[in-house]
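Asker: Contents of start.cif (mmCIF, C-alpha atoms) are below:
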```cif
data_my_file
loop_
_atom_site.group_PDB
_atom_site.id
_atom_site.type_symbol
_atom_site.label_atom_id
_atom_site.label_comp_id
_atom_site.auth_asym_id
_atom_site.auth_seq_id
_atom_site.Cartn_x
_atom_site.Cartn_y
_atom_site.Cartn_z
ATOM 1 C CA MET B 1392 47.562 -154.406 -72.969
ATOM 2 C CA VAL B 1393 45.288 -152.219 -70.906
ATOM 3 C CA PRO B 1394 45.014 -148.944 -72.836
ATOM 4 C CA ASN B 1395 46.601 -145.751 -71.629
ATOM 5 C CA ASP B 1396 44.348 -142.707 -71.972
ATOM 6 C CA PRO B 1397 46.650 -139.778 -72.791
ATOM 7 C CA SER B 1398 44.160 -137.271 -71.397
ATOM 8 C CA GLY B 1399 44.751 -138.734 -67.946
ATOM 9 C CA ASP B 1400 41.011 -138.799 -67.185
ATOM 10 C CA LEU B 1401 40.620 -142.555 -67.607
ATOM 11 C CA SER B 1402 44.193 -143.722 -67.341
ATOM 12 C CA ARG B 1403 43.473 -146.532 -64.907
ATOM 13 C CA PRO B 1404 40.730 -149.146 -65.069
ATOM 14 C CA ASN B 1405 38.175 -149.662 -62.347
ATOM 15 C CA GLN B 1406 38.127 -153.445 -63.006
ATOM 16 C CA LEU B 1407 40.758 -156.038 -63.959
ATOM 17 C CA ARG B 1408 39.651 -159.630 -64.632
ATOM 18 C CA PHE B 1409 41.905 -162.655 -64.096
ATOM 19 C CA VAL B 1410 41.596 -166.460 -64.240
ATOM 20 C CA TYR B 1411 43.369 -168.537 -61.590
ATOM 21 C CA ASN B 1412 45.571 -171.084 -63.417
ATOM 22 C CA GLY B 1413 47.611 -172.573 -60.555
ATOM 23 C CA GLU B 1414 50.995 -172.051 -62.227
ATOM 24 C CA LYS B 1415 54.235 -171.449 -60.360
ATOM 25 C CA CYS B 1416 56.419 -168.357 -60.777
ATOM 26 C CA PRO B 1417 58.304 -168.048 -64.062
ATOM 27 C CA PRO B 1418 62.095 -168.469 -64.018
ATOM 28 C CA ARG B 1419 63.872 -165.316 -62.846
ATOM 29 C CA ASP B 1420 65.180 -164.544 -66.332
ATOM 30 C CA ALA B 1421 61.587 -164.646 -67.651
ATOM 31 C CA VAL B 1422 60.355 -162.008 -65.202
ATOM 32 C CA GLY B 1423 59.864 -158.897 -67.286
ATOM 33 C CA THR B 1424 57.011 -157.087 -68.952
ATOM 34 C CA GLY B 1425 54.084 -156.952 -66.576
ATOM 35 C CA ILE B 1426 55.481 -159.045 -63.737
ATOM 36 C CA ILE B 1427 57.867 -157.154 -61.481
ATOM 37 C CA SER B 1428 58.622 -159.876 -58.951
ATOM 38 C CA CYS B 1429 57.387 -163.360 -58.103
ATOM 39 C CA ILE B 1430 58.193 -165.700 -55.213
ATOM 40 C CA ASP B 1431 56.966 -169.253 -54.671
ATOM 41 C CA ALA B 1432 57.104 -169.963 -50.935
ATOM 42 C CA ALA B 1433 59.510 -172.596 -49.703
ATOM 43 C CA GLY B 1434 57.587 -175.805 -49.149
ATOM 44 C CA ALA B 1435 54.785 -174.857 -51.546
ATOM 45 C CA PRO B 1436 53.467 -177.828 -53.534
ATOM 46 C CA SER B 1437 54.937 -178.411 -57.011
ATOM 47 C CA THR B 1438 51.518 -177.577 -58.456
ATOM 48 C CA LEU B 1439 49.319 -175.058 -56.692
ATOM 49 C CA PRO B 1440 45.993 -176.448 -55.411
ATOM 50 C CA ASN B 1441 42.672 -176.362 -57.255
ATOM 51 C CA HIS B 1442 41.294 -173.788 -54.834
ATOM 52 C CA VAL B 1443 43.110 -170.990 -53.031
ATOM 53 C CA THR B 1444 42.479 -167.669 -51.380
ATOM 54 C CA VAL B 1445 43.610 -164.707 -53.475
ATOM 55 C CA GLU B 1446 44.324 -161.236 -52.113
ATOM 56 C CA ALA B 1447 45.107 -158.418 -54.538
ATOM 57 C CA GLY B 1448 45.749 -154.784 -53.737
ATOM 58 C CA LEU B 1449 48.426 -152.355 -52.717
ATOM 59 C CA VAL B 1450 49.309 -151.178 -49.219
ATOM 60 C CA PHE B 1451 45.961 -150.673 -47.432
ATOM 61 C CA VAL B 1452 43.650 -150.834 -50.469
ATOM 62 C CA ASN B 1453 42.290 -154.292 -51.283
ATOM 63 C CA PHE B 1454 40.738 -154.825 -54.715
ATOM 64 C CA PHE B 1455 39.946 -158.533 -54.210
ATOM 65 C CA ASP B 1456 40.017 -161.021 -51.344
ATOM 66 C CA GLY B 1457 38.292 -164.362 -51.733
ATOM 67 C CA LEU B 1458 38.231 -168.063 -52.570
ATOM 68 C CA VAL B 1459 39.106 -168.930 -56.172
ATOM 69 C CA PHE B 1460 38.983 -172.271 -57.993
ATOM 70 C CA LYS B 1461 41.363 -173.292 -60.780
ATOM 71 C CA GLY B 1462 39.910 -172.192 -64.116
ATOM 72 C CA SER B 1463 37.518 -169.685 -62.561
ATOM 73 C CA ASP B 1464 37.763 -165.950 -62.951
ATOM 74 C CA PHE B 1465 37.877 -163.227 -60.358
ATOM 75 C CA VAL B 1466 37.636 -159.469 -60.703
ATOM 76 C CA LEU B 1467 39.674 -156.754 -59.035
ATOM 77 C CA GLU B 1468 37.301 -153.832 -58.486
ATOM 78 C CA SER B 1469 37.992 -150.257 -57.520
ATOM 79 C CA ASP B 1470 36.707 -149.108 -54.171
ATOM 80 C CA GLY B 1471 34.867 -146.143 -55.705
ATOM 81 C CA ASP B 1472 37.474 -143.614 -54.621
ATOM 82 C CA ASN B 1473 40.523 -145.241 -56.195
ATOM 83 C CA ASN B 1474 40.800 -146.803 -59.616
ATOM 84 C CA ILE B 1475 43.104 -149.814 -59.698
ATOM 85 C CA PHE B 1476 46.701 -148.774 -59.160
ATOM 86 C CA ASP B 1477 49.442 -149.244 -61.776
ATOM 87 C CA VAL B 1478 51.065 -151.816 -59.488
ATOM 88 C CA VAL B 1479 49.085 -154.558 -57.755
ATOM 89 C CA ASP B 1480 50.425 -157.089 -55.233
ATOM 90 C CA PHE B 1481 48.949 -160.615 -55.242
ATOM 91 C CA VAL B 1482 49.111 -163.120 -52.377
ATOM 92 C CA ILE B 1483 48.041 -166.713 -53.090
ATOM 93 C CA ARG B 1484 47.221 -168.690 -49.912
ATOM 94 C CA ASP B 1485 46.055 -172.125 -48.891
ATOM 95 C CA SER B 1486 42.289 -171.771 -48.479
ATOM 96 C CA ASN B 1487 42.281 -173.848 -45.276
ATOM 97 C CA ASN B 1488 45.310 -172.893 -43.180
ATOM 98 C CA HIS B 1489 46.114 -169.587 -44.972
ATOM 99 C CA GLU B 1490 49.748 -170.586 -45.579
ATOM 100 C CA VAL B 1491 51.259 -168.368 -48.294
ATOM 101 C CA TYR B 1492 52.064 -170.274 -51.509
ATOM 102 C CA GLN B 1493 53.004 -167.422 -53.806
ATOM 103 C CA THR B 1494 53.411 -163.642 -53.864
ATOM 104 C CA PHE B 1495 53.889 -161.519 -56.953
ATOM 105 C CA ARG B 1496 53.652 -157.926 -58.136
ATOM 106 C CA LEU B 1497 52.178 -156.875 -61.480
ATOM 107 C CA GLN B 1498 52.671 -153.605 -63.352
ATOM 108 C CA ASN B 1499 49.455 -153.197 -65.315
ATOM 109 C CA GLY B 1500 50.896 -150.299 -67.321
ATOM 110 C CA CYS B 1501 47.686 -148.308 -67.471
ATOM 111 C CA SER B 1502 49.284 -144.951 -66.864
ATOM 112 C CA SER B 1503 52.925 -145.922 -67.134
ATOM 113 C CA ASP B 1504 55.165 -143.973 -69.493
ATOM 114 C CA THR B 1505 57.232 -147.125 -70.044
ATOM 115 C CA ASN B 1506 54.427 -148.941 -71.947
ATOM 116 C CA GLN B 1507 55.180 -152.017 -69.894
ATOM 117 C CA GLY B 1508 52.097 -153.769 -68.729
ATOM 118 C CA ILE B 1509 49.995 -156.859 -68.819
ATOM 119 C CA VAL B 1510 48.633 -158.374 -72.037
ATOM 120 C CA LEU B 1511 45.185 -159.953 -72.482
ATOM 121 C CA GLY B 1512 45.378 -163.755 -72.504
ATOM 122 C CA GLN B 1513 48.890 -163.911 -71.059
ATOM 123 C CA SER B 1514 49.721 -165.748 -67.839
ATOM 124 C CA TYR B 1515 51.506 -164.066 -64.962
ATOM 125 C CA ALA B 1516 52.481 -166.584 -62.285
ATOM 126 C CA SER B 1517 49.248 -168.248 -61.089
ATOM 127 C CA VAL B 1518 46.843 -165.916 -62.934
ATOM 128 C CA THR B 1519 45.953 -165.168 -66.550
ATOM 129 C CA PHE B 1520 44.830 -161.651 -67.472
ATOM 130 C CA SER B 1521 41.421 -161.930 -69.158
ATOM 131 C CA GLY B 1522 39.839 -158.466 -69.279
ATOM 132 C CA PHE B 1523 39.321 -154.976 -67.945
ATOM 133 C CA ARG B 1524 36.735 -152.245 -67.692
ATOM 134 C CA CYS B 1525 37.344 -148.527 -67.593
ATOM 135 C CA GLN B 1526 35.085 -145.947 -65.987
ATOM 136 C CA HIS B 1527 33.700 -144.800 -69.349
ATOM 137 C CA ASP B 1528 32.520 -148.387 -70.156
ATOM 138 C CA ILE B 1529 29.964 -148.337 -67.342
#
```
Could you write out this structure as structure tokens?

Answerer:
Amino acid sequence: MVPNDPSGDLSRPNQLRFVYNGEKCPPRDAVGTGIISCIDAAGAPSTLPNHVTVEAGLVFVNFFDGLVFKGSDFVLESDGDNNIFDVVDFVIRDSNNHEVYQTFRLQNGCSSDTNQGIVLGQSYASVTFSGFRCQHDI
């Protein structure tokens, strides 16, 4: 799990690293720690494609937007003014026609009092959490 800094100075990371795995949403009863909601679009293929466009952010702040291949990693990076928010929305799209395949919301738990968050090496829908960096690591 991404550590929570009790001092509040470094409570959110400035980078989160994921690997695109192409998996569908978990069953509704499996949605819990880390993943708040997940929807596979109607008509989406039974297995997500080998390459997609991933968007990750919250409201008007985008931490990643780009082409990702199955098995490759991608990094959500802070914009310099904002560290990565506790909640991040992901949109997985067809890389050609931009049709939405999957949307999900993760609670990374970095500054959450509930201690619910994402765990290194665990899969969340079509991504696997593989690392983080906090401001003091730079």

Asker: Can you write out as a Markdown table which residues of range 1458-1520 of chain B fall within 7 Å of range 1428-1438 of chain B, alongside each residue's closest atom pair and its distance in Å to one decimal, counting only C-alpha atoms and ordering rows by chain and ascending residue number?

Answerer:
```
| residue | atom | partner | partner_atom | distance |
| --- | --- | --- | --- | --- |
| B:Val1491 | CA | B:Ala1432 | CA | 6.6 |
| B:Tyr1492 | CA | B:Ala1432 | CA | 5.1 |
| B:Gln1493 | CA | B:Asp1431 | CA | 4.4 |
| B:Thr1494 | CA | B:Ile1430 | CA | 5.4 |
| B:Phe1495 | CA | B:Cys1429 | CA | 4.1 |
| B:Arg1496 | CA | B:Ser1428 | CA | 5.4 |
```

Asker: Could you write out that same residue set with C-alpha atoms as a compact mmCIF listing (two decimals), in the frame of the given file?

Answerer:
```
# COMPACT_ATOMS: atom_id res chain seq x y z
CA VAL B 1491 51.26 -168.37 -48.29
CA TYR B 1492 52.06 -170.27 -51.51
CA GLN B 1493 53.00 -167.42 -53.81
CA THR B 1494 53.41 -163.64 -53.86
CA PHE B 1495 53.89 -161.52 -56.95
CA ARG B 1496 53.65 -157.93 -58.14
```

Asker: Excluding Tyr1515 in chain B and its own-chain neighbours fewer than 5 positions away, which residues fall within 9 Å of it when counting only C-alpha atoms? Please give them as a list in words.

Answerer: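 With the cut-off at 9 Å, the set is Glu1414, Cys1416, Pro1417, Gly1425, Ile1426, Phe1495, Leu1497, Ile1509 and Phe1520 of chain B.
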
Asker: Determine, counting all atoms listed in the file, every residue of protein, DNA or RNA that lies within 12 Å of (41.6, -152.0, -49.8) in the file coordinates, then give the result as a list in words.

Answerer: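 Those residues lying close to the given coordinates are Glu1446, Ala1447, Gly1448, Leu1449, Val1450, Phe1451, Val1452, Asn1453, Phe1454, Phe1455, Asp1456, Leu1467, Glu1468, Ser1469, Asp1470, Gly1471, Asp1472, Asn1473, Asn1474, Ile1475, Phe1476, Val1479 and Asp1480 of chain B.
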
Asker: Given the file above and the PyMOL selection byres ((chain B and resi 1407) around 8), which residues are selected, and can you give them as an NGL selection string?

Answerer: :B and (1404-1406 or 1408-1409 or 1466-1468 or 1475 or 1520-1524)

Asker: With C-alpha atoms retained, could you export that selection as a compact mmCIF listing (two decimals), in the frame of the given file?

Answerer:
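Writing done, so here's result-v8.txt:
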```txt
# COMPACT_ATOMS: atom_id res chain seq x y z
CA PRO B 1404 40.73 -149.15 -65.07
CA ASN B 1405 38.17 -149.66 -62.35
CA GLN B 1406 38.13 -153.44 -63.01
CA ARG B 1408 39.65 -159.63 -64.63
CA PHE B 1409 41.90 -162.66 -64.10
CA VAL B 1466 37.64 -159.47 -60.70
CA LEU B 1467 39.67 -156.75 -59.04
CA GLU B 1468 37.30 -153.83 -58.49
CA ILE B 1475 43.10 -149.81 -59.70
CA PHE B 1520 44.83 -161.65 -67.47
CA SER B 1521 41.42 -161.93 -69.16
CA GLY B 1522 39.84 -158.47 -69.28
CA PHE B 1523 39.32 -154.98 -67.94
CA ARG B 1524 36.74 -152.24 -67.69
```

Asker: Enumerate, as a PDB file with C-alpha atoms, in the coordinates of the input, the protein, DNA and RNA residues whose atoms approach (49.8, -149.1, -61.8) to within 6 Å, taking into account all atoms listed in the file and the coordinate frame of the file.

Answerer:
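Generated file (selection29.pdb):
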```pdb
ATOM      1  CA  PHE B1476      46.701-148.774 -59.160  1.00  0.00           C
ATOM      2  CA  ASP B1477      49.442-149.244 -61.776  1.00  0.00           C
ATOM      3  CA  VAL B1478      51.065-151.816 -59.488  1.00  0.00           C
ATOM      4  CA  GLN B1498      52.671-153.605 -63.352  1.00  0.00           C
ATOM      5  CA  ASN B1499      49.455-153.197 -65.315  1.00  0.00           C
ATOM      6  CA  GLY B1500      50.896-150.299 -67.321  1.00  0.00           C
TER       7      GLY B1500
END
```

Asker: Find the residue from B:Pro1418, B:His1442, B:Lys1461, B:Ile1427 that sits nearest to Phe1481 in chain B; use only C-alpha atoms when measuring.

Answerer: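 Among the listed residues, the smallest separation from Phe1481 in chain B belongs to B:Ile1427.
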
Asker: Reconstruct N, CA, C and O atoms of range 1445-1461 of chain B from the incomplete input and present them as an mmCIF file, in the frame of the given file.

Answerer:
```cif
data_model
loop_
_atom_site.group_PDB
_atom_site.id
_atom_site.type_symbol
_atom_site.label_atom_id
_atom_site.label_comp_id
_atom_site.auth_asym_id
_atom_site.auth_seq_id
_atom_site.Cartn_x
_atom_site.Cartn_y
_atom_site.Cartn_z
ATOM 1 N N VAL B 1445 42.829 -165.718 -52.772
ATOM 2 C CA VAL B 1445 43.610 -164.707 -53.475
ATOM 3 C C VAL B 1445 43.341 -163.347 -52.836
ATOM 4 O O VAL B 1445 42.184 -162.994 -52.596
ATOM 5 N N GLU B 1446 44.420 -162.622 -52.558
ATOM 6 C CA GLU B 1446 44.324 -161.236 -52.113
ATOM 7 C C GLU B 1446 45.058 -160.398 -53.150
ATOM 8 O O GLU B 1446 46.140 -160.767 -53.584
ATOM 9 N N ALA B 1447 44.466 -159.293 -53.557
ATOM 10 C CA ALA B 1447 45.107 -158.418 -54.538
ATOM 11 C C ALA B 1447 44.834 -156.971 -54.175
ATOM 12 O O ALA B 1447 43.684 -156.590 -53.961
ATOM 13 N N GLY B 1448 45.885 -156.192 -54.085
ATOM 14 C CA GLY B 1448 45.749 -154.784 -53.737
ATOM 15 C C GLY B 1448 47.109 -154.143 -53.634
ATOM 16 O O GLY B 1448 48.091 -154.664 -54.155
ATOM 17 N N LEU B 1449 47.160 -153.032 -52.942
ATOM 18 C CA LEU B 1449 48.426 -152.355 -52.717
ATOM 19 C C LEU B 1449 48.309 -151.571 -51.418
ATOM 20 O O LEU B 1449 47.359 -150.800 -51.229
ATOM 21 N N VAL B 1450 49.242 -151.788 -50.536
ATOM 22 C CA VAL B 1450 49.309 -151.178 -49.219
ATOM 23 C C VAL B 1450 48.007 -151.465 -48.467
ATOM 24 O O VAL B 1450 47.745 -152.607 -48.146
ATOM 25 N N PHE B 1451 47.175 -150.469 -48.228
ATOM 26 C CA PHE B 1451 45.961 -150.673 -47.432
ATOM 27 C C PHE B 1451 44.693 -150.762 -48.273
ATOM 28 O O PHE B 1451 43.591 -150.780 -47.732
ATOM 29 N N VAL B 1452 44.822 -150.767 -49.598
ATOM 30 C CA VAL B 1452 43.650 -150.834 -50.469
ATOM 31 C C VAL B 1452 43.576 -152.233 -51.066
ATOM 32 O O VAL B 1452 44.489 -152.676 -51.762
ATOM 33 N N ASN B 1453 42.489 -152.936 -50.765
ATOM 34 C CA ASN B 1453 42.290 -154.292 -51.283
ATOM 35 C C ASN B 1453 41.277 -154.239 -52.420
ATOM 36 O O ASN B 1453 40.177 -153.719 -52.249
ATOM 37 N N PHE B 1454 41.643 -154.798 -53.577
ATOM 38 C CA PHE B 1454 40.738 -154.825 -54.715
ATOM 39 C C PHE B 1454 40.047 -156.181 -54.867
ATOM 40 O O PHE B 1454 39.060 -156.293 -55.577
ATOM 41 N N PHE B 1455 40.589 -157.218 -54.210
ATOM 42 C CA PHE B 1455 39.946 -158.533 -54.210
ATOM 43 C C PHE B 1455 40.492 -159.327 -53.038
ATOM 44 O O PHE B 1455 41.674 -159.272 -52.730
ATOM 45 N N ASP B 1456 39.628 -160.104 -52.408
ATOM 46 C CA ASP B 1456 40.017 -161.021 -51.344
ATOM 47 C C ASP B 1456 38.955 -162.102 -51.288
ATOM 48 O O ASP B 1456 37.824 -161.840 -50.876
ATOM 49 N N GLY B 1457 39.292 -163.311 -51.747
ATOM 50 C CA GLY B 1457 38.292 -164.362 -51.733
ATOM 51 C C GLY B 1457 38.802 -165.699 -52.227
ATOM 52 O O GLY B 1457 39.933 -165.828 -52.700
ATOM 53 N N LEU B 1458 37.946 -166.694 -52.139
ATOM 54 C CA LEU B 1458 38.231 -168.063 -52.570
ATOM 55 C C LEU B 1458 38.104 -168.153 -54.081
ATOM 56 O O LEU B 1458 37.140 -167.648 -54.660
ATOM 57 N N VAL B 1459 39.094 -168.792 -54.719
ATOM 58 C CA VAL B 1459 39.106 -168.930 -56.172
ATOM 59 C C VAL B 1459 39.438 -170.372 -56.523
ATOM 60 O O VAL B 1459 40.303 -170.990 -55.902
ATOM 61 N N PHE B 1460 38.742 -170.911 -57.512
ATOM 62 C CA PHE B 1460 38.983 -172.271 -57.993
ATOM 63 C C PHE B 1460 39.749 -172.222 -59.314
ATOM 64 O O PHE B 1460 39.563 -171.297 -60.107
ATOM 65 N N LYS B 1461 40.592 -173.236 -59.550
ATOM 66 C CA LYS B 1461 41.363 -173.292 -60.780
ATOM 67 C C LYS B 1461 40.414 -173.242 -61.977
ATOM 68 O O LYS B 1461 39.416 -173.942 -62.027
#
```
